[in-house]
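K.L.:
File name work-v3.cif; file contents mmCIF, C-alpha atoms; full text below.
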data_final
#
loop_
_atom_site.label_atom_id
_atom_site.label_comp_id
_atom_site.auth_asym_id
_atom_site.auth_seq_id
_atom_site.Cartn_x
_atom_site.Cartn_y
_atom_site.Cartn_z
CA MET A 1 16.18 21.86 23.56
CA ASP A 2 19.83 22.98 24.05
CA ARG A 3 21.24 25.72 21.87
CA VAL A 4 24.40 25.08 19.86
CA LYS A 5 27.18 27.32 21.16
CA GLY A 6 27.70 30.37 18.95
CA SER A 7 24.66 29.75 16.74
CA ALA A 8 20.87 29.90 16.78
CA PHE A 9 20.67 26.15 16.08
CA ARG A 10 19.15 23.74 18.56
CA LYS A 11 20.61 20.34 19.41
CA VAL A 12 18.30 17.37 18.92
CA PRO A 13 18.53 14.66 21.60
CA LYS A 14 20.76 11.82 20.47
CA SER A 15 19.31 8.55 19.28
CA ALA A 16 21.06 5.31 18.45
CA LEU A 17 21.04 5.99 14.71
CA GLU A 18 21.40 9.75 14.52
CA GLU A 19 24.33 10.85 16.58
CA GLU A 20 24.70 14.51 15.73
CA LEU A 21 21.44 16.21 14.85
CA GLU A 22 20.68 19.89 15.04
CA GLU A 23 17.65 21.89 14.04
CA SER A 24 17.53 25.22 12.32
CA SER A 25 15.06 27.51 10.63
CA VAL A 26 15.74 28.61 7.06
CA THR A 27 16.45 32.15 8.32
CA ASP A 28 19.05 31.00 10.88
CA LEU A 29 20.69 28.62 8.42
CA ARG A 30 20.99 31.35 5.78
CA ARG A 31 22.90 33.46 8.28
CA ASP A 32 25.06 30.60 9.61
CA LEU A 33 25.56 28.57 6.45
CA LEU A 34 29.33 28.96 6.04
CA PRO A 35 30.21 28.25 9.71
CA THR A 36 27.83 25.28 9.57
CA ILE A 37 29.60 23.84 6.52
CA GLU A 38 32.94 24.31 8.31
CA ARG A 39 31.57 22.49 11.36
CA MET A 40 30.44 19.66 9.08
CA GLN A 41 33.93 19.35 7.63
CA LYS A 42 35.22 18.86 11.16
CA ASN A 43 32.41 16.50 12.09
CA PRO A 44 30.93 14.77 9.00
CA SER A 45 28.28 12.96 11.06
CA LEU A 46 26.60 16.29 11.87
CA ARG A 47 23.25 16.80 10.15
CA VAL A 48 21.04 19.86 10.31
CA LEU A 49 17.27 19.47 10.06
CA ILE A 50 15.86 22.54 8.33
CA ARG A 51 12.38 23.66 9.27
CA LYS A 52 10.14 26.16 7.56
CA HIS A 53 7.06 27.34 9.44
CA GLY A 54 7.81 24.59 11.97
CA GLU A 55 7.71 21.76 9.41
CA LEU A 56 10.74 19.67 8.52
CA ARG A 57 11.57 20.49 4.89
CA ALA A 58 15.20 19.53 4.23
CA VAL A 59 18.33 18.05 5.75
CA LEU A 60 21.82 19.47 5.33
CA MET A 61 24.56 16.86 5.52
CA SER A 62 28.25 16.58 4.77
CA ALA A 63 29.39 15.34 1.38
CA GLN A 64 30.96 12.32 3.13
CA THR A 65 27.65 11.40 4.74
CA TYR A 66 25.87 11.82 1.42
CA ASP A 67 28.43 9.46 -0.16
CA VAL A 68 27.66 6.86 2.50
CA PHE A 69 23.92 7.18 1.77
CA LYS A 70 24.60 6.78 -1.95
CA LYS A 71 26.70 3.66 -1.34
CA LEU A 72 24.02 2.16 0.90
CA VAL A 73 21.19 2.80 -1.53
CA THR A 74 23.25 1.65 -4.52
CA ASN A 75 24.08 -1.55 -2.66
CA ILE A 76 20.39 -2.19 -1.86
CA VAL A 77 19.23 -1.37 -5.39
CA GLN A 78 21.88 -3.58 -7.03
CA ARG A 79 21.01 -6.51 -4.78
CA THR A 80 17.28 -6.19 -5.36
CA ASP A 81 17.54 -5.54 -9.10
CA ALA A 82 19.23 -8.94 -9.35
CA MET A 83 16.23 -10.63 -7.73
CA SER A 84 13.32 -12.09 -9.70
CA ARG A 85 10.03 -10.18 -9.73
CA GLU A 86 8.45 -12.89 -7.58
CA ALA A 87 11.24 -12.70 -5.01
CA LYS A 88 10.91 -8.91 -4.84
CA ILE A 89 7.17 -9.18 -4.20
CA GLU A 90 7.68 -11.93 -1.62
CA SER A 91 10.23 -9.84 0.26
CA ALA A 92 7.87 -6.84 0.19
CA PHE A 93 5.12 -9.01 1.71
CA GLN A 94 7.61 -10.16 4.35
CA ARG A 95 8.54 -6.57 5.24
CA LEU A 96 4.84 -5.74 5.59
CA GLN A 97 4.29 -8.71 7.92
CA ASP A 98 7.35 -7.75 9.95
CA GLU A 99 5.68 -4.43 10.81
CA ARG A 100 2.86 -6.15 12.68
CA PRO A 101 2.50 -5.12 16.31
CA PRO A 102 4.24 -7.62 18.63
CA ALA A 103 0.93 -9.06 19.85
CA GLU A 104 -0.05 -9.89 16.28
CA ARG A 105 3.21 -11.60 15.40
CA GLU A 106 3.58 -15.33 15.61
CA THR A 107 5.72 -16.06 18.62
CA THR A 108 7.89 -19.00 19.36
CA ALA A 109 8.28 -20.73 22.67
CA VAL A 110 10.89 -23.14 23.92
CA SER A 111 9.58 -26.54 24.87
CA THR A 112 11.50 -29.32 26.55
CA THR A 113 12.07 -30.93 23.17
CA GLY A 114 13.51 -27.74 21.65
CA PHE A 115 11.94 -24.84 19.77
CA ARG A 116 8.25 -25.31 19.13
CA PRO A 117 6.26 -22.67 17.29
CA VAL A 118 3.18 -21.48 19.12
CA VAL A 119 1.02 -20.66 16.16
CA ARG A 120 -2.40 -22.07 17.01
CA GLN A 121 -4.29 -19.21 15.45
CA SER A 122 -2.10 -19.28 12.40
CA LEU A 123 -2.42 -23.05 12.11
CA ARG A 124 -6.19 -22.80 12.31
CA ARG A 125 -6.13 -20.20 9.55
CA ASN A 126 -3.80 -22.37 7.47
CA VAL A 127 -6.13 -25.34 7.89
CA GLU A 128 -9.10 -23.20 6.88
CA ALA A 129 -7.20 -21.83 3.90
CA ARG A 130 -6.16 -25.32 2.79
CA ALA A 131 -9.75 -26.54 3.13
CA LEU A 132 -10.91 -23.61 1.01
CA LEU A 133 -8.17 -24.30 -1.53
CA GLY A 134 -9.26 -27.95 -1.64
CA GLU A 135 -12.84 -26.90 -2.33
CA ILE A 136 -11.71 -24.57 -5.12
CA GLU A 137 -9.57 -27.33 -6.68
CA GLU A 138 -12.52 -29.72 -6.50
CA LYS A 139 -14.78 -27.16 -8.21
CA LEU A 140 -12.13 -26.62 -10.90
CA ARG A 141 -11.93 -30.38 -11.51
CA GLU A 142 -15.71 -30.50 -11.81
CA LEU A 143 -15.59 -27.61 -14.27
CA ASP A 144 -12.85 -29.35 -16.30
CA THR A 145 -14.97 -32.52 -16.42
CA ALA A 146 -18.05 -30.56 -17.46
CA LEU A 147 -16.09 -28.78 -20.21
CA GLU A 148 -14.66 -32.06 -21.54
CA ILE A 149 -18.19 -33.46 -21.89
CA MET B 1 -13.00 4.86 6.65
CA HIS B 2 -9.49 6.29 6.40
CA ILE B 3 -6.86 4.60 4.23
CA ASP B 4 -3.31 4.72 5.58
CA LEU B 5 -1.23 4.57 2.39
CA THR B 6 2.40 3.51 2.79
CA TYR B 7 5.14 2.40 0.41
CA ASP B 8 7.49 -0.55 0.57
CA LEU B 9 11.04 0.59 1.31
CA LEU B 10 12.31 -0.38 -2.15
CA VAL B 11 9.45 1.38 -3.90
CA GLU B 12 10.13 4.44 -1.78
CA VAL B 13 13.82 4.30 -2.72
CA HIS B 14 12.89 4.43 -6.41
CA PHE B 15 10.41 7.26 -5.92
CA LEU B 16 12.47 9.44 -3.61
CA TYR B 17 16.11 8.56 -4.26
CA THR B 18 16.80 7.03 -7.66
CA GLY B 19 13.92 8.79 -9.43
CA ARG B 20 13.11 5.59 -11.34
CA TYR B 21 9.38 6.27 -10.91
CA PRO B 22 7.89 9.74 -11.41
CA ILE B 23 6.51 11.53 -8.36
CA ALA B 24 3.34 12.15 -10.38
CA LEU B 25 2.68 8.40 -10.07
CA MET B 26 2.82 8.74 -6.28
CA HIS B 27 0.22 11.50 -6.50
CA GLU B 28 -2.03 9.39 -8.75
CA ILE B 29 -1.81 6.45 -6.34
CA GLY B 30 -2.72 8.78 -3.45
CA LYS B 31 -5.71 10.17 -5.30
CA ASN B 32 -7.05 6.67 -5.98
CA LYS B 33 -6.30 5.00 -2.63
CA VAL B 34 -9.91 4.49 -1.53
CA LYS B 35 -10.88 3.00 -4.90
CA ILE B 36 -7.78 0.78 -4.81
CA TYR B 37 -8.50 -0.44 -1.28
CA ASN B 38 -12.13 -1.21 -2.12
CA ASN B 39 -11.02 -3.40 -5.05
CA LEU B 40 -8.57 -5.55 -3.09
CA VAL B 41 -9.40 -9.26 -2.82
CA PRO B 42 -8.19 -11.92 -0.34
CA ASP B 43 -4.71 -13.15 -1.21
CA LEU B 44 -4.84 -16.90 -1.84
CA ARG B 45 -1.42 -17.58 -0.32
CA ARG B 46 -1.68 -15.32 2.71
CA SER B 47 -4.90 -15.58 4.66
CA ASP B 48 -4.50 -12.24 6.47
CA MET B 49 -3.72 -10.21 3.38
CA LEU B 50 -5.84 -8.47 0.79
CA ALA B 51 -4.13 -7.82 -2.52
CA GLY B 52 -4.71 -6.28 -5.91
CA SER B 53 -3.23 -4.18 -8.67
CA MET B 54 -4.05 -1.13 -10.73
CA ASP B 55 -2.72 0.21 -14.02
CA PHE B 56 -1.62 3.83 -14.29
CA GLU B 57 -0.47 5.97 -17.18
CA VAL B 58 1.63 8.90 -16.05
CA GLU B 59 3.73 11.27 -18.16
CA GLY B 60 3.34 8.92 -21.14
CA ARG B 61 4.65 5.91 -19.15
CA LYS B 62 2.60 2.85 -18.20
CA PHE B 63 2.81 1.22 -14.79
CA THR B 64 1.14 -1.67 -13.02
CA VAL B 65 1.17 -1.14 -9.27
CA LEU B 66 0.71 -4.02 -6.82
CA PHE B 67 -0.98 -3.33 -3.49
CA ALA B 68 -1.61 -5.26 -0.29
CA SER B 69 -3.39 -4.66 2.96
CA ASP B 70 -2.48 -6.57 6.10
CA THR B 71 -5.82 -7.06 7.85
CA ARG B 72 -3.99 -7.75 11.11
CA GLN B 73 -2.86 -4.14 11.06
CA ASN B 74 -6.39 -2.74 10.74
CA ASP B 75 -7.21 -0.12 13.34
CA SER B 76 -10.89 -0.86 13.83
CA ALA B 77 -11.32 1.62 16.67
CA ALA B 78 -10.11 4.53 14.56
CA ASP B 79 -11.53 3.01 11.36
CA ILE B 80 -8.14 3.06 9.64
CA ARG B 81 -7.22 0.51 6.98
CA PRO B 82 -3.60 0.06 5.87
CA LEU B 83 -2.71 0.05 2.18
CA ARG B 84 0.85 -0.76 1.09
CA VAL B 85 2.35 -0.21 -2.34
CA LEU B 86 4.30 -3.45 -2.69
CA HIS B 87 5.79 -3.38 -6.15
CA ILE B 88 5.72 -1.45 -9.42
CA ASP B 89 6.15 -2.81 -12.94
CA GLU B 90 6.79 -0.42 -15.78
CA HIS B 91 5.66 -1.46 -19.26
CA SER B 92 7.56 -0.31 -22.29
#
Turn the structure described in the file into structure tokens.

P.N.:
Amino acid sequence: MDRVKGSAFRKVPKSALEEELEESSVTDLRRDLLPTIERMQKNPSLRVLIRKHGELRAVLMSAQTYDVFKKLVTNIVQRTDAMSREAKIESAFQRLQDERPPAERETTAVSTTGFRPVVRQSLRRNVEARALLGEIEEKLRELDTALEI
Amino acid sequence: MHIDLTYDLLVEVHFLYTGRYPIALMHEIGKNKVKIYNNLVPDLRRSDMLAGSMDFEVEGRKFTVLFASDTRQNDSAADIRPLRVLHIDEHS
């Protein structure tokens, strides 16, 4: 990994979401803290990942970046707090399903008549589930009848 | 069998950012993850999901935690089962 000029910090390769990442040990950061803060004032998108014994323990970021994080989280929390309990649970289930590996996700294919979902396995499972639900409802009706007698 | 415990993004936000839920609750959930997984039942509305809940009392506060396991994300080869904390209700 490349060293940052004039410091013991190492540059972390850029990714789409984290433009300016550097790594430092606690010892190096203690020595370079003030210059690092000055560099952050010049470039607020800079973040320093702080490692102790090789493990990532903390992240140093500019106050501006922290403000952005706060705004983002506040926005998310306000939106979700306004949702019903059921809607929150449903969206959590949806997020879980969205994490399925691509091969496990239901895919869609384009047919000549437009978009047609290719969900044979899912359909089979739905049919099985409905059949099971039907059996349960039938048993419940039988139980109701028995209780009325 | 290994249980891979993860948290829904919103639950994580309230544990790690807003502090709405105490970290001690996270530790209690972690300690009980095998027991929780073993008590999950098939979710009636989602055929590939197991679901369930467990009550916790932490630092004098009462919580009901909802869990789910997406069976399509089982790693049978490594014998890993996923367990997701979906939602937390606090009772006054």

K.L.:
Can you build me a table of chain B residues sitting at most 8 Å from chain A, with the closest atom pair per residue and its distance in Å to one decimal, using only C-alpha atoms, sorted by chain and residue number, as a tab-separated table?

P.N.:
residue	atom	partner	partner_atom	distance
B:Asp8	CA	A:Ala92	CA	6.3
B:Leu10	CA	A:Val77	CA	7.7
B:Val13	CA	A:Val73	CA	7.6
B:Leu44	CA	A:Ala129	CA	7.9
B:Ser47	CA	A:Ala129	CA	6.7
B:Ala68	CA	A:Phe93	CA	8.0
B:Asp70	CA	A:Gln97	CA	7.3
B:Arg72	CA	A:Glu104	CA	6.8
B:Gln73	CA	A:Arg100	CA	6.3
B:Arg84	CA	A:Leu96	CA	7.8
B:Leu86	CA	A:Ala92	CA	5.7
B:His87	CA	A:Ile89	CA	6.3

K.L.:
How far is it from CA of Glu28 in chain B to CA of Gly60 in chain B, in Å with one decimal?

P.N.:
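Result for CA of Glu28 in chain B versus CA of Gly60 in chain B: 13.5 Å, one decimal.
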
K.L.:
Write out as a list in words which residues come within 10 Å of Asp43 in chain B when counting all atoms listed in the file, dropping same-chain ones fewer than 4 positions away.

P.N.:
Ser47, Asp48, Met49, Leu50, Ala51, Gly52, Ala68 and Ser69 of chain B

K.L.:
What separation in Å, quoted to one decimal, exists between CA of Asp67 in chain A and CA of Pro44 in chain A?

P.N.:
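According to the coordinates, CA of Asp67 in chain A and CA of Pro44 in chain A are separated by 10.9 Å.
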
K.L.:
Starting from the PyMOL selection byres ((chain B and resi 63) around 8), expand the selection into actual residues of this file and give them as a list in words.

P.N.:
Asp55, Phe56, Glu57, Val58, Arg61, Lys62, Thr64, Val65, Ile88, Asp89, Glu90 and His91 of chain B

K.L.:
Mind pulling up the distance from CA of Val68 in chain A to CA of Ser84 in chain A?

P.N.:
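One can read the CA of Ser84 in chain A to CA of Val68 in chain A distance as 26.7 Å.
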
K.L.:
Any chance you could work out the residue set of the PyMOL selection byres ((chain B and resi 82) around 6) here, as an NGL selection string?

P.N.:
:B and (3-4 or 69 or 81 or 83)

K.L.:
Identify the residues within 9 Å of coordinate (15.6, 20.4, 6.2) (same frame as the file), considering all atoms listed in the file, and give the answer as an MDAnalysis selection string.

P.N.:
chainID A and resid 23:26 48:52 55:60

K.L.:
Select, from B:Thr18, B:Leu66, B:Val41, B:Lys35, the residue with the minimum atom-to-atom distance to His2 in chain B, counting only C-alpha atoms.

P.N.:
B:Lys35

K.L.:
Which residues come within 8 Å of range 20-26 of chain B, counting all atoms listed in the file, excluding same-chain residues fewer than 3 positions away, as a PyMOL selection string?

P.N.:
chain B and resi 14-16+29-30+56+58-59
